[in-house]
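J.: For reference, the structure I am asking about is given below.
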Amino acid sequence: MKRAFGYRSEQRKRSENQDSFGVFDFDGYTLAIVCDGMGGHVGGAQASSLAVRTVHDCIEELAAGGDYPEALRVALERANQAIYEAARKNHRLMGMGTTAVAAILTGEGFVHIAHVGDSRAYLINEGQAVQVTRDHTMVNLFVDAELLTPEDAATHPEAHVLSRSLGVERQVEVELSDPIELADNDVVLLCSDGVHGVVTDWELGSIDWAAPEPGVKHVLDIVDAREGDDNATAVAILIGDAPGMGTSPVPDPKSIDAQVAALRDEAQIQMMDDYESASDPDSYRTEPSAPPREDLPSTPSYLDEEPEPPSPRETQTIGTSVDEPVPDQKQATPRPLQRGKDEKLKKKKKGASPARLLVPLGVIGLMAIVSLGAIAFLTRPDPTDEDESTIIVDGDPSNVRPKPGTEPIDPAVPEPDDSFFRARIPDPPRRLPHRPLRYTQPPPRGQSQFVAVQAARDHKCAESLDAVQEAMALSPDHAKLYSQAWFCFQESHARQLVNSKVENYEQFAELESHFRGWPEFGDPEDLEWTAEDKRLPLWYRPARDGVEYRLEAWASSSEDDLMREVMIDLKGEPSIADDFAADVLVEAQAAVALSRAEPRTPDIEEAWARRVYVVSSALKGRVGKLLRTHRPELVPQLEEMLETATTAQAEGPAVPGNIAKAHKVGTGEEPPPTIVVRPGPKVDPLGEEPDLGPEPGGTKVKGKIYK
């Protein structure tokens, strides 16, 4: 399998470039790695270079057997130990560490990925970039523990604080991704947070990766245009025959040690002891003993120096090691001075009276009792509110539950607040990249492909989808164009709705272009409706674009256009279910918001009825089947929101009749509407007769002759 490489690293606005990378071609496989170092002065640069060198040597030694995941895991663990030991032997390097993401591309067409930290790996194909790794950050831990929402985590001020890195602690847990089968024109992209923190996944997918070197340059040009301040490094490997760069050189451990020696000579600092290069595997398989106290200088010069301020990333990294002895069974005899202190301490403990221990224990126990009493007092139920919000079950005061109607609203249902409408969409579960099996043929060039692609670029998603379906009638080879139209709906409409928050109905009306393709400003009656459409109520008329157009196209897909069959093969049912889940959730949340709007104008009732019809019909049809199969946890929430939007609230106005009608039509309980009779001025269908003047024998009144 042919491969082409592209890589680049820029220092940006930092005082030095602490990123390191490598692309190495071995017999039967290729190794790529990106490391983002952290630590003051040369610490970060040495940690990342040492990691690249150690991983290279270990993979060369261990990967020959063909167990690539195990080789990656061991290589990163050895790199962690090498960095940790190097930091222990030089106080100037204390706390240094690095992130790492490494990939092995085998000759059989698979990629194995391992990572520690927030450097990422992407798989890019057909304009879509899929993140394969998961950032090891504190905010992701909070998201997993349901302490933060994914939306809040993305904008959290400490989103870059690491929960895991190489070299900070003696041991590290390496995360391995499942092997991914590669196809022609796939791109494996490894990058540091200086890239993915500035460039979006959508932009990574939209870049032309026909040649990896210009593609990487394009990525870093975006970082430069947006004035990214962090070191930016990217390595891209294209599967296929294309122009590219050669492999990168292996970091020289002598040059790394030379940097440390220059720092030592400049500050006149003695090293704590002489050590072999940490990149040698034999040098970190055993634990070296700490040097005796008397061997250290009596008045080290660095104690009088003002320490250099650490970088922001160094101060915020979780788990930074400190200079303290680590217990180890292989360590030599204790140092003489420390042994004397230990003996004195043992004597003190041996002579301690048990009575002296009771005093602090009693104080701690008393404080615990007082704290528990305060907590019980502050959290006790208010007797004045008990009758209003709770009921006692079976006469047992300890068995209290909320009254019906007073239970807390599910987080997925927008609670009434200052905003009129706010979308709240949970993140879909992590899924491995899907590989098409049947529809892998590139689309034939021609007018049909040009129209479909150009319409998608102009954000005319419905027009693009129609062009694809017309092209499918000519040849099924146009199938891959469906992904282009689908991507258009996601980026042009679905993303806008998911990120929406409006304060009033006037702002909500502007979202109709993303819901069903109506103009942001203007009367929908001004649209070019067919004679059949004009006989239907507005809430039942077909969508012109937006997410509702895609829902309708999916529901009406047949064997002629093959939309469902093709998209399931291109994206997979789980991914399609995730996209539709977000669409239907936004529709349901909008229905709840509109049901609470006051006053209820005809426009609000019409938009309300439309949302109710879309949600109920989606749950009844093919979309509902997808959700029940792949996102079953959301179906009860959707049904609850639909019931809320179609049920009159306590002491509130009744639900309008068109809302109930839309609900029943969507669920199939009533037939769809066929004609709309709107009240208007009465007009004589025969018209008025022309005025011909008076006639004998009669009286003329308003142009008619009465005898």
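Lettering and numbering for the structure tokens are positional, with chains as A, B, ... in the shown order, residues counted from 1 in each chain, and ligands counted from 1 in the shown order.
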Would you mind listing, for every residue of segment 404-521 of chain A within 12 Å of segment 205-226 of chain A, the two atoms forming the shortest contact and the distance between them in Å to one decimal, using only C-alpha atoms, sorted by chain and ascending residue number, as JSON lines?
T.:
{"residue": "A:Arg457", "atom": "CA", "partner": "A:Ser206", "partner_atom": "CA", "distance": 11.0}
{"residue": "A:Gln484", "atom": "CA", "partner": "A:Ser206", "partner_atom": "CA", "distance": 10.9}
{"residue": "A:Phe487", "atom": "CA", "partner": "A:Ser206", "partner_atom": "CA", "distance": 10.6}
{"residue": "A:Cys488", "atom": "CA", "partner": "A:Ser206", "partner_atom": "CA", "distance": 11.7}
{"residue": "A:Glu491", "atom": "CA", "partner": "A:Ser206", "partner_atom": "CA", "distance": 11.6}
J.: Skipping near chain neighbours, those fewer than 6 positions away, what residues fall within 12 Å of segment 568-571 of chain A using only C-alpha atoms, listed as a count of residues only?
T.: 29
J.: Tell me which of A:Asp178, A:Glu60, A:Asp230, A:Glu108 sits closest to Asp36 of chain A, counting only C-alpha atoms.
T.: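 Closest to Asp36 of chain A, using only C-alpha atoms: A:Asp230.
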J.: Can you list, as an MDAnalysis selection string, every protein, DNA or RNA residue that comes within 12 Å of Tyr505 of chain A when you count only C-alpha atoms, leaving out same-chain residues fewer than 3 positions away?
T.: chainID A and resid 419:422 501:502 508:512 590 593:601 603:605 607:608
J.: Output the selection as an mmCIF file, in the first residue's frame - C-alpha atoms for each residue.
T.:
data_model
loop_
_atom_site.group_PDB
_atom_site.id
_atom_site.type_symbol
_atom_site.label_atom_id
_atom_site.label_comp_id
_atom_site.auth_asym_id
_atom_site.auth_seq_id
_atom_site.Cartn_x
_atom_site.Cartn_y
_atom_site.Cartn_z
ATOM 1 C CA SER A 419 -34.689 32.972 26.885
ATOM 2 C CA PHE A 420 -37.600 32.089 24.627
ATOM 3 C CA PHE A 421 -35.894 29.025 23.158
ATOM 4 C CA ARG A 422 -32.571 27.315 23.722
ATOM 5 C CA LYS A 501 -30.577 30.519 21.717
ATOM 6 C CA VAL A 502 -33.231 33.189 21.102
ATOM 7 C CA PHE A 508 -37.199 32.397 16.639
ATOM 8 C CA ALA A 509 -38.922 33.143 13.319
ATOM 9 C CA GLU A 510 -35.484 33.636 11.780
ATOM 10 C CA LEU A 511 -34.745 29.947 12.483
ATOM 11 C CA GLU A 512 -37.488 28.850 10.070
ATOM 12 C CA ALA A 590 -39.063 24.207 20.032
ATOM 13 C CA ALA A 593 -41.060 26.589 23.975
ATOM 14 C CA LEU A 594 -43.828 27.661 21.580
ATOM 15 C CA SER A 595 -46.500 26.064 23.788
ATOM 16 C CA ARG A 596 -45.410 28.368 26.639
ATOM 17 C CA ALA A 597 -45.332 31.538 24.549
ATOM 18 C CA GLU A 598 -47.686 34.349 25.475
ATOM 19 C CA PRO A 599 -49.688 35.813 23.878
ATOM 20 C CA ARG A 600 -50.573 33.087 21.383
ATOM 21 C CA THR A 601 -50.642 34.748 17.988
ATOM 22 C CA ASP A 603 -48.012 32.769 13.698
ATOM 23 C CA ILE A 604 -46.959 31.169 16.987
ATOM 24 C CA GLU A 605 -49.771 28.609 16.808
ATOM 25 C CA ALA A 607 -45.127 27.222 14.118
ATOM 26 C CA TRP A 608 -46.211 25.287 17.213
#
J.: Rounded to one decimal in Å, what is the spacing between atom CA of Ala648 of chain A and atom CA of Asn499 of chain A?
T.: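 If I compute the distance from atom CA of Ala648 of chain A to atom CA of Asn499 of chain A, I get 28.7 Å.
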J.: By how many Å are atom CA of Ser617 of chain A and atom CA of Gly668 of chain A apart?
T.: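 Result for atom CA of Ser617 of chain A versus atom CA of Gly668 of chain A: 8.0 Å, one decimal.
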J.: Could you go through segment 417-585 of chain A and tell me which residues DSSP, when run on the backbone, assigns to strand (DSSP E or B), listing them as number ranges by chain?
T.: A: 421-422, 501-502
J.: Store the residues picked out above, limited to C-alpha atoms, as a CSV table (one decimal), in the first residue's frame.
T.:
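The resulting part-v5.csv:
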chain,number,residue,atom,x,y,z
A,421,PHE,CA,-35.9,29.0,23.2
A,422,ARG,CA,-32.6,27.3,23.7
A,501,LYS,CA,-30.6,30.5,21.7
A,502,VAL,CA,-33.2,33.2,21.1
J.: Find the spatial neighbours of Ala236 of chain A, counting only C-alpha atoms, within a cut-off of 10 Å - ignore same-chain residues fewer than 4 positions away - and output them as number ranges by chain.
T.: A: 4-8, 23, 32, 121-124, 187-191, 209, 211-213, 215-216, 244
J.: Nearest to Pro672 of chain A among A:Phe489, A:Tyr549, A:Phe580, A:Trp539, with distances taken over only C-alpha atoms: which residue is it?
T.: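 Answer, going by the shortest atom-to-atom distance: A:Trp539.
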J.: I need the residue nearest Leu204 of chain A from this list: A:Ala234, A:Glu61, A:Gln18, A:Val55. Use only C-alpha atoms for the distance.
T.: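 Residue with the minimum atom-to-atom distance to Leu204 of chain A: A:Ala234.
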J.: Just to confirm, what's the straight-line distance from atom CA of Ser192 of chain A to atom CA of Gly117 of chain A in Å (one decimal)?
T.: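 About the pair atom CA of Ser192 of chain A and atom CA of Gly117 of chain A: they are 9.7 Å apart.
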J.: Nearest to Asp427 of chain A among A:Gly43, A:Pro574, A:Pro150, A:Gly65, with distances taken over only C-alpha atoms: which residue is it?
T.: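 Residue with the minimum atom-to-atom distance to Asp427 of chain A: A:Pro150.
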J.: Would you list, as a ChimeraX atom specification, the residues of segment 90-163 of chain A that end up in helix (DSSP H, G or I) under DSSP run on this structure's backbone?
T.: /A:91-93,138-144,150-154
J.: List the neighbours of segment 70-80 of chain A out to 7 Å using only C-alpha atoms; skip same-chain residues closer than 2 positions along the sequence, and give me the result as a VMD selection string.
T.: chain A and resid 51 54 to 55 58 to 59 62 to 63 67 to 68 82 to 84 114 166 to 167 172 174
J.: Pick from A:Ala645, A:Val132, A:Leu50, A:Val250: nearest to Ala103 of chain A, with only C-alpha atoms counted?
T.: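 That would be A:Val132, the residue with the smallest distance to Ala103 of chain A.
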